[in-house]
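J.: Take a look at the following structure, please.
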Amino acid sequence: MPELPEVETTRRGIAPHVSGRRVVRVDVYDPRLRWPVPADLDARMRGLTIDRVDRRSKYLLLRLGEAALLVHLGMTGTLRIHRDPPARGKHDHVDIALDDGTLLRYRDPRRFGAMLWLARADDGHPLLDTLGPEPFDAAFDARYLWRTTRARSASIKLVLMDNRVVTGVGNIYANEALYRAGIRPATRANRLSKARLARLVDAVRDVLHAAIAKGGSTLRDYVGSDGAAGYFQLDYFVYGREGTPCRVCGTPIRRSRIGQRSSFHCPQCQRP
Ligand SMILES: [Zn+2]
């Protein structure tokens with residue numbers, strides 16, 4: 001499933017090819033995504049220029065004047081740039097043709113993604129309005145996290161994955177950040193000191209930066225390729241490594257379940 005680094009990599013991959021380009025045609029072949037793709041998308045977008053591509057949490061926002069096309073990749077969605085597009089496959093649901101012949105194609109085999117039209121993007125949208133700060137925002141710092149967690153006895157991992165606290169930290173990166181910060185996933189959030197939360201803030205940023213940097217090497221996959229999603233994997237320290245030795249101390253990594261999701265930790269390197 002695309003997490004924040006994959007979405008940011010997609011943004012960086014497509015932005016140079018669509019920014020400043022005018023939309024000449026939109027073909028919606030199958031509107032049945034998580035919510036229906038607007039039937040009149042062609043009429044709304046045709047003739048408008050894509051000013052830039054922004055990301056908010058795991059949503060991409062193609063800005064067209066005061067409007068925006070909001071795109072969520074769901075479980076299996078991809079956006080690709082084609083100069084010489086191959087024939088449409090059965091999982092290619094939306095094509096956006098641009099004035100220089102470029103085609104932006106949305107593919108999504110499982111159709112959990114979304115493509116919605118925001119006529120006035122500045123007015124916000126219910127999907128965006130409740131989101132907390134971005135992990136890279138200055139607002140997400142140790143003081144903020146300390147204040148936010150004082151009344152929360154839930155595990156720090158669940159708090160970290162709560163989009164209202166900080167956006168875009170999914171299961172993989174929550175596990176990895178907690179390892180780097182030396183904090184066990186099940187630790188109650190309100191038991192953590194400000195110093196440990198400061199380490200966690202740094203760890204969240206480090207692990208996301210590392211993943212985005214790794215994604216940079218896949219950017220060419222976003223142009224002209226008709227292959228698989230091409231998502232990239234960090235060399236994880238704990239995620240998916242149950243029973244294998246910790247890369248630092250050799251202790252077997254343990255798995256537990258927190259809020260229905262698999263959690264992984266090293267009992268030696270991570271303290272409650
Ligand atoms: Zn260890």
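A note on labels: chains of the structure tokens are A, B, ... as shown, every chain counts residues from 1, and ligands are counted from 1 in their shown order.
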Give me, as a list of chain:residue names, the set of residues whose atoms come within 12 Å of any atom of ligand 1, counting only C-alpha atoms and all ligand atoms.
T.: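 The residues within 12 Å of ligand 1, counting only C-alpha atoms and all ligand atoms, are A:Tyr179, A:Arg180, A:Ala181, A:Gly182, A:Ile183, A:Arg184, A:Phe237, A:Val238, A:Arg241, A:Gly243, A:Thr244, A:Pro245, A:Cys246, A:Arg247, A:Val248, A:Cys249, A:Gly250, A:Thr251, A:Pro252, A:Ile253, A:Arg254, A:Phe264, A:His265, A:Cys266, A:Pro267, A:Gln268, A:Cys269, A:Gln270, A:Arg271.
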J.: Do you have, as JSON lines, the list of residues of region 74-133 of chain A lying at most 6 Å from region 14-27 of chain A, each with its nearest atom pair and that distance in Å to one decimal, counting only C-alpha atoms and ordered by chain then number?
T.:
```
{"residue": "A:Val94", "atom": "CA", "partner": "A:Asp27", "partner_atom": "CA", "distance": 5.6}
{"residue": "A:Asp95", "atom": "CA", "partner": "A:Asp27", "partner_atom": "CA", "distance": 5.1}
{"residue": "A:Ile96", "atom": "CA", "partner": "A:Val26", "partner_atom": "CA", "distance": 4.6}
{"residue": "A:Ala97", "atom": "CA", "partner": "A:Arg25", "partner_atom": "CA", "distance": 5.1}
{"residue": "A:Leu98", "atom": "CA", "partner": "A:Val23", "partner_atom": "CA", "distance": 4.6}
{"residue": "A:Asp99", "atom": "CA", "partner": "A:Arg22", "partner_atom": "CA", "distance": 5.4}
```
J.: Would you export the selected residues with N, CA, C and O atoms as an mmCIF file, in the first residue's frame, please?
T.:
```cif
data_model
loop_
_atom_site.group_PDB
_atom_site.id
_atom_site.type_symbol
_atom_site.label_atom_id
_atom_site.label_comp_id
_atom_site.auth_asym_id
_atom_site.auth_seq_id
_atom_site.Cartn_x
_atom_site.Cartn_y
_atom_site.Cartn_z
ATOM 1 N N VAL A 94 -8.582 6.247 -15.682
ATOM 2 C CA VAL A 94 -8.707 7.655 -16.074
ATOM 3 C C VAL A 94 -7.460 8.072 -16.849
ATOM 4 O O VAL A 94 -6.337 7.776 -16.430
ATOM 5 N N ASP A 95 -7.657 8.743 -17.981
ATOM 6 C CA ASP A 95 -6.557 9.341 -18.748
ATOM 7 C C ASP A 95 -6.761 10.848 -18.797
ATOM 8 O O ASP A 95 -7.868 11.321 -19.105
ATOM 9 N N ILE A 96 -5.715 11.586 -18.503
ATOM 10 C CA ILE A 96 -5.748 13.042 -18.631
ATOM 11 C C ILE A 96 -4.727 13.420 -19.698
ATOM 12 O O ILE A 96 -3.519 13.237 -19.501
ATOM 13 N N ALA A 97 -5.243 13.917 -20.840
ATOM 14 C CA ALA A 97 -4.364 14.266 -21.963
ATOM 15 C C ALA A 97 -3.979 15.738 -21.869
ATOM 16 O O ALA A 97 -4.829 16.605 -21.637
ATOM 17 N N LEU A 98 -2.684 16.030 -22.056
ATOM 18 C CA LEU A 98 -2.171 17.392 -21.923
ATOM 19 C C LEU A 98 -1.745 17.946 -23.286
ATOM 20 O O LEU A 98 -1.580 17.196 -24.246
ATOM 21 N N ASP A 99 -1.578 19.272 -23.328
ATOM 22 C CA ASP A 99 -1.407 19.956 -24.623
ATOM 23 C C ASP A 99 -0.098 19.637 -25.327
ATOM 24 O O ASP A 99 0.056 19.954 -26.501
#
```
J.: Hey, could you make a per-residue contact list for region 95-153 of chain A against region 160-169 of chain A with 6 Å as the cut-off, showing the nearest pair of atoms and its distance in Å to one decimal, counting only C-alpha atoms, sorted by chain and number, as a Markdown table?
T.:
```
| residue | atom | partner | partner_atom | distance |
| --- | --- | --- | --- | --- |
| A:Leu131 | CA | A:Arg164 | CA | 4.9 |
| A:Gly132 | CA | A:Arg164 | CA | 4.3 |
| A:Pro133 | CA | A:Val166 | CA | 5.2 |
| A:Glu134 | CA | A:Thr167 | CA | 5.4 |
```
J.: Residues near Leu70 (chain A), anyone? I mean within 6 Å using only C-alpha atoms, not counting same-chain ones fewer than 4 positions away, as an mmCIF file with C-alpha atoms, in the first residue's frame.
T.:
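Saved the output as around30.cif:
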```
data_model
loop_
_atom_site.group_PDB
_atom_site.id
_atom_site.type_symbol
_atom_site.label_atom_id
_atom_site.label_comp_id
_atom_site.auth_asym_id
_atom_site.auth_seq_id
_atom_site.Cartn_x
_atom_site.Cartn_y
_atom_site.Cartn_z
ATOM 1 C CA LEU A 60 -2.159 14.512 -4.186
ATOM 2 C CA LEU A 61 -3.656 17.812 -5.260
ATOM 3 C CA MET A 115 -10.288 11.057 -7.728
ATOM 4 C CA LEU A 116 -12.444 13.978 -6.654
#
```
J.: Using only C-alpha atoms, which of the listed residues (A:Ala154, A:Val7, A:Leu103, A:Val53) sits closest to Met75 (chain A)?
T.: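 That would be A:Val7, the residue with the smallest distance to Met75 (chain A).
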J.: Tell me, as a ChimeraX atom specification, which residues lie within 9 Å of Leu64 (chain A), counting only C-alpha atoms; anything in the same chain fewer than 3 positions away does not count.
T.: /A:45,48-52,67-69
J.: Can you check which parts of region 73-161 of chain A lie within 12 Å of region 189-203 of chain A? Per residue, the shortest pair of atoms and distance in Å to one decimal, counting only C-alpha atoms, sorted by chain and number, as CSV.
T.:
```
residue,atom,partner,partner_atom,distance
A:Glu134,CA,A:Val201,CA,11.4
A:Pro135,CA,A:Val201,CA,8.0
A:Phe136,CA,A:Val201,CA,9.3
A:Asp137,CA,A:Val201,CA,10.8
A:Ala138,CA,A:Val201,CA,10.6
A:Ala139,CA,A:Val201,CA,11.0
A:Phe140,CA,A:Val201,CA,7.5
A:Asp141,CA,A:Val201,CA,6.3
A:Ala142,CA,A:Ala198,CA,4.5
A:Arg143,CA,A:Lys194,CA,7.0
A:Tyr144,CA,A:Leu197,CA,9.6
A:Leu145,CA,A:Leu197,CA,6.8
A:Trp146,CA,A:Lys194,CA,5.8
A:Arg147,CA,A:Lys194,CA,9.1
A:Thr148,CA,A:Asn190,CA,8.9
A:Thr149,CA,A:Asn190,CA,5.2
A:Arg150,CA,A:Asn190,CA,4.7
A:Ala151,CA,A:Asn190,CA,6.4
A:Arg152,CA,A:Asn190,CA,5.6
A:Ser153,CA,A:Asn190,CA,5.6
A:Ala154,CA,A:Ala189,CA,6.0
A:Ser155,CA,A:Ala189,CA,5.4
A:Ile156,CA,A:Ala189,CA,4.3
A:Lys157,CA,A:Ala189,CA,8.1
A:Leu158,CA,A:Ala189,CA,8.8
A:Val159,CA,A:Ala189,CA,7.1
A:Leu160,CA,A:Ala189,CA,9.1
```
J.: Let me make sure I understand: among A:Met1, A:Leu73, A:Leu128, A:Leu178, which one has the smallest atom-to-atom distance to Ala114 (chain A) if we use only C-alpha atoms?
T.: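 The answer is A:Leu73, which sits nearest to Ala114 (chain A).
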J.: Determine which residues of region 136-219 of chain A DSSP labels as alpha helix (DSSP H) from the backbone of this structure, then write them out as number ranges by chain.
T.: A: 142-149, 156-160, 171-181, 194-216
J.: Hey, can you check how far CA of Arg44 (chain A) sits from CA of Gly13 (chain A)?
T.: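 So the two atoms, CA of Arg44 (chain A) and CA of Gly13 (chain A), lie 24.6 Å apart.
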J.: May I ask for the distance between CA of Arg110 (chain A) and CA of Ala177 (chain A), given in Å to one decimal place?
T.: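 Spanning CA of Arg110 (chain A) to CA of Ala177 (chain A) is a straight-line distance of 28.9 Å.
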J.: Work out how far CA of Ser57 (chain A) is from CA of Arg107 (chain A), in Å to one decimal.
T.: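 These two atoms are separated by 20.3 Å.
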J.: Once DSSP has gone over the backbone, tell me which residues of region 77-149 of chain A are in strand (DSSP E), as number ranges by chain.
T.: A: 78-82, 92-98, 103-107, 114-118
